[in-house]
Amino acid sequence: VEIQELEENYNRLFTENILRKRLAHAYPDLTHMAYVKQINAKIEEIKQDNMKEYTQTFESKEDKPFAYGFCFTKLFYLFVIGSFIGTILETIWAFCVDGHFEMRVGMVYGPFIPVYGGGACFLTAALYKLYKLNDTLVFVISAFVGAGFEYFCSWLQEQMFGTVSWDYSDTPFNLDGRTNLMYALIWGFLGLVWVRYLYPWTAKLIEKIPKRAGAIITTFLIVFMAFNGFMSVTATARWTQRTEGVPASNSFEEYLDEKFDNEKMEFLFPGMKKAAEAGVTTEGVISNERPYLNATDPDKGTKIEQGKDVSEIN
């Protein structure tokens, strides 16, 4: 008890006393451990409080809040929120790394990148029951899960549209150019922060939505995101056809050509545009579905022999 009181007095001396700034300036080493201990204690307190989100129970069904626990409704909201946050992160990343503003979205309507939303749902589904594991294990599992999810999304996009939105072939420790060690570590860190802090906070926020209003909002969002997904897929598929010189065969395709022309699609999906222009797959060869270097106007592009190595193009 005396030791605890001594530590409390020590912390109070260097964090609450009016002479704190003067003492901290004269003896910076004395305050270091005090601050570190306070920060660690606060983080541990938040972590323990967040753990209750995984184990909270209610006696009756009526007492349960909206989208309680691990359910489809909550996962759907996590998808929407994650997709929106992903757009913000990608836009900031493009500005900081590339030095200019660049639209980073994954759907034709609204600021949404489904890969991030899907990643949030996938991490939640994979780690929801593993919250009791230590931080190291959560980090490692998140790294593998996140990197695997990123690889799968890249593979699926290339199989469906013959395009890729990211290519890490020129980075160290990459796997088929679809993911790499650096992003696996980032996924690990994000997964750890998600499980320990972000998911419990987000879950509580979602559960505060009134049940009646929540049902209406959920229905609207499901219809909107389904429509958004359909339009995004068809607009991208039609963009691919245009780069191959395929004319519109019906009124809907004519509408897509007018509403989502090459210029708009290139603005919305600049990363996909680069893949289409070069016609490069993550294996580093010219794709059979991408014979032209110029996706906007095939007539101005350079015809490439199918299957030719990229290094031979100059």
# chains A, B, ... in the order shown; residues from 1 in each chain; ligands from 1

$ select_by_dssp --residues "stretch 27-193 of chain A" --states "helix (DSSP H, G or I)" --output "JSON, numbers by chain"
{"A": [28, 29, 30, 31, 32, 33, 34, 35, 36, 37, 38, 39, 40, 41, 42, 43, 44, 45, 46, 47, 48, 49, 50, 51, 52, 53, 54, 55, 61, 62, 63, 72, 73, 74, 75, 76, 77, 78, 79, 80, 81, 82, 83, 84, 85, 86, 87, 88, 89, 90, 91, 92, 93, 94, 95, 96, 97, 98, 114, 115, 116, 117, 118, 119, 120, 121, 122, 123, 124, 125, 126, 127, 128, 129, 130, 135, 136, 137, 138, 139, 140, 141, 142, 143, 144, 145, 146, 147, 148, 149, 150, 151, 152, 153, 154, 155, 156, 157, 158, 159, 160, 161, 181, 182, 183, 184, 185, 186, 187, 188, 189, 190, 191, 192, 193]}

$ residues_around --residues "A:Ile141" --least-positions-apart "6" --cutoff "12 Å" --atoms "only C-alpha atoms" --output "tab-separated table (two decimals) with N, CA, C and O atoms, in the first residue's frame"
chain	number	residue	atom	x	y	z
A	122	PHE	N	-14.03	-9.09	-43.05
A	122	PHE	CA	-13.24	-10.32	-43.03
A	122	PHE	C	-12.41	-10.43	-41.75
A	122	PHE	O	-12.35	-11.49	-41.12
A	123	LEU	N	-11.78	-9.31	-41.36
A	123	LEU	CA	-11.01	-9.31	-40.11
A	123	LEU	C	-11.91	-9.54	-38.90
A	123	LEU	O	-11.54	-10.26	-37.98
A	124	THR	N	-13.09	-8.93	-38.92
A	124	THR	CA	-14.02	-9.11	-37.81
A	124	THR	C	-14.46	-10.56	-37.71
A	124	THR	O	-14.47	-11.15	-36.61
A	126	ALA	N	-12.93	-13.19	-38.82
A	126	ALA	CA	-11.81	-14.08	-38.51
A	126	ALA	C	-11.32	-13.93	-37.08
A	126	ALA	O	-10.85	-14.89	-36.46
A	127	LEU	N	-11.44	-12.72	-36.52
A	127	LEU	CA	-10.82	-12.43	-35.22
A	127	LEU	C	-11.82	-12.22	-34.09
A	127	LEU	O	-11.41	-12.06	-32.94
A	128	TYR	N	-13.11	-12.24	-34.41
A	128	TYR	CA	-14.11	-11.92	-33.39
A	128	TYR	C	-14.01	-12.85	-32.18
A	128	TYR	O	-14.17	-12.43	-31.04
A	130	LEU	N	-11.34	-14.48	-31.33
A	130	LEU	CA	-9.94	-14.60	-30.91
A	130	LEU	C	-9.47	-13.40	-30.10
A	130	LEU	O	-8.27	-13.19	-29.95
A	131	TYR	N	-10.39	-12.62	-29.58
A	131	TYR	CA	-10.03	-11.40	-28.87
A	131	TYR	C	-9.21	-11.65	-27.60
A	131	TYR	O	-8.52	-10.77	-27.12
A	133	LEU	N	-6.71	-13.70	-27.35
A	133	LEU	CA	-5.31	-13.98	-27.66
A	133	LEU	C	-4.44	-12.77	-27.35
A	133	LEU	O	-4.91	-11.63	-27.32
A	134	ASN	N	-3.16	-13.02	-27.15
A	134	ASN	CA	-2.26	-11.90	-26.89
A	134	ASN	C	-2.05	-11.09	-28.16
A	134	ASN	O	-2.35	-11.53	-29.26
A	135	ASP	N	-1.50	-9.90	-28.01
A	135	ASP	CA	-1.37	-8.96	-29.13
A	135	ASP	C	-0.51	-9.52	-30.26
A	135	ASP	O	-0.79	-9.28	-31.44
A	147	ALA	N	-3.42	-10.04	-45.82
A	147	ALA	CA	-2.67	-10.25	-47.06
A	147	ALA	C	-3.39	-11.25	-47.97
A	147	ALA	O	-3.43	-11.08	-49.19
A	148	GLY	N	-3.94	-12.30	-47.37
A	148	GLY	CA	-4.69	-13.28	-48.16
A	148	GLY	C	-5.92	-12.67	-48.80
A	148	GLY	O	-6.24	-12.96	-49.97
A	184	ALA	N	1.38	-6.72	-45.66
A	184	ALA	CA	0.97	-7.74	-44.70
A	184	ALA	C	1.19	-7.23	-43.27
A	184	ALA	O	0.34	-7.43	-42.39
A	185	LEU	N	2.31	-6.56	-43.05
A	185	LEU	CA	2.58	-5.99	-41.72
A	185	LEU	C	1.59	-4.87	-41.40
A	185	LEU	O	1.15	-4.73	-40.25
A	187	TRP	N	-1.47	-4.73	-42.56
A	187	TRP	CA	-2.71	-5.45	-42.24
A	187	TRP	C	-2.66	-5.99	-40.81
A	187	TRP	O	-3.67	-5.96	-40.08
A	188	GLY	N	-1.50	-6.48	-40.40
A	188	GLY	CA	-1.36	-6.98	-39.04
A	188	GLY	C	-1.59	-5.90	-38.01
A	188	GLY	O	-2.31	-6.10	-37.02
A	189	PHE	N	-1.01	-4.73	-38.24
A	189	PHE	CA	-1.20	-3.60	-37.32
A	189	PHE	C	-2.65	-3.14	-37.30
A	189	PHE	O	-3.23	-2.92	-36.23
A	190	LEU	N	-3.25	-3.01	-38.50
A	190	LEU	CA	-4.64	-2.59	-38.57
A	190	LEU	C	-5.57	-3.59	-37.88
A	190	LEU	O	-6.52	-3.20	-37.19
A	191	GLY	N	-5.29	-4.88	-38.06
A	191	GLY	CA	-6.10	-5.91	-37.41
A	191	GLY	C	-6.02	-5.83	-35.91
A	191	GLY	O	-7.02	-5.98	-35.20
A	192	LEU	N	-4.82	-5.61	-35.39
A	192	LEU	CA	-4.64	-5.50	-33.94
A	192	LEU	C	-5.38	-4.30	-33.39
A	192	LEU	O	-6.11	-4.40	-32.38
A	195	VAL	N	-9.25	-4.98	-33.59
A	195	VAL	CA	-9.79	-5.89	-32.59
A	195	VAL	C	-9.79	-5.25	-31.19
A	195	VAL	O	-10.77	-5.37	-30.44

$ atom_distance --atom1 "atom CA of A:Val140" --atom2 "atom CA of A:Gln38"
27.5 Å

$ closest_residue --among "A:Gly245, A:Gly271, A:Pro200, A:Gly162" --to "A:Gly69" --atoms "only C-alpha atoms"
A:Pro200

$ select_by_dssp --residues "stretch 67-295 of chain A" --states "strand (DSSP E or B)" --output "list of chain:residue names"
A:Asn174, A:Leu175, A:Thr179, A:Asn180, A:Val280, A:Val285, A:Ile286, A:Tyr292

$ write_last_selection --atoms "C-alpha atoms" --output "compact mmCIF listing (two decimals), in the first residue's frame"
# COMPACT_ATOMS: atom_id res chain seq x y z
CA ASN A 174 5.81 -9.64 -53.02
CA LEU A 175 3.53 -12.54 -53.88
CA THR A 179 0.44 -8.34 -52.04
CA ASN A 180 3.76 -8.01 -50.24
CA VAL A 280 0.20 -5.91 -67.88
CA VAL A 285 3.36 -10.33 -69.44
CA ILE A 286 0.97 -8.71 -71.83
CA TYR A 292 -3.32 -2.19 -76.82

$ closest_residue --among "A:Lys64, A:Ile113, A:Asn50, A:Ser249" --to "A:Thr87" --atoms "only C-alpha atoms"
A:Ile113

$ atom_distance --atom1 "atom CA of A:Glu158" --atom2 "atom CA of A:Val105"
17.4 Å

$ residues_around --residues "A:Tyr197" --least-positions-apart "5" --cutoff "10 Å" --atoms "only C-alpha atoms" --output "list of chain:residue names"
A:Ile43, A:Ile46, A:Lys47, A:Gln48, A:Asp49, A:Asn50, A:Met51, A:Gly191, A:Leu192, A:Thr202

$ residues_around --residues "A:Phe79" --least-positions-apart "6" --cutoff "9 Å" --atoms "only C-alpha atoms" --output "PyMOL selection string"
chain A and resi 114+116-121

$ closest_atom_pairs --of "stretch 47-155 of chain A" --to "stretch 228-232 of chain A" --cutoff "10 Å" --atoms "only C-alpha atoms" --output "CSV"
residue,atom,partner,partner_atom,distance
A:Gly106,CA,A:Ser232,CA,8.0
A:Met107,CA,A:Ser232,CA,5.3
A:Val108,CA,A:Ser232,CA,5.3
A:Tyr109,CA,A:Asn228,CA,6.1
A:Gly110,CA,A:Asn228,CA,8.5
A:Phe112,CA,A:Asn228,CA,9.8
A:Pro114,CA,A:Gly229,CA,9.2

$ atom_distance --atom1 "atom CA of A:Lys208" --atom2 "atom CA of A:Val193"
21.9 Å
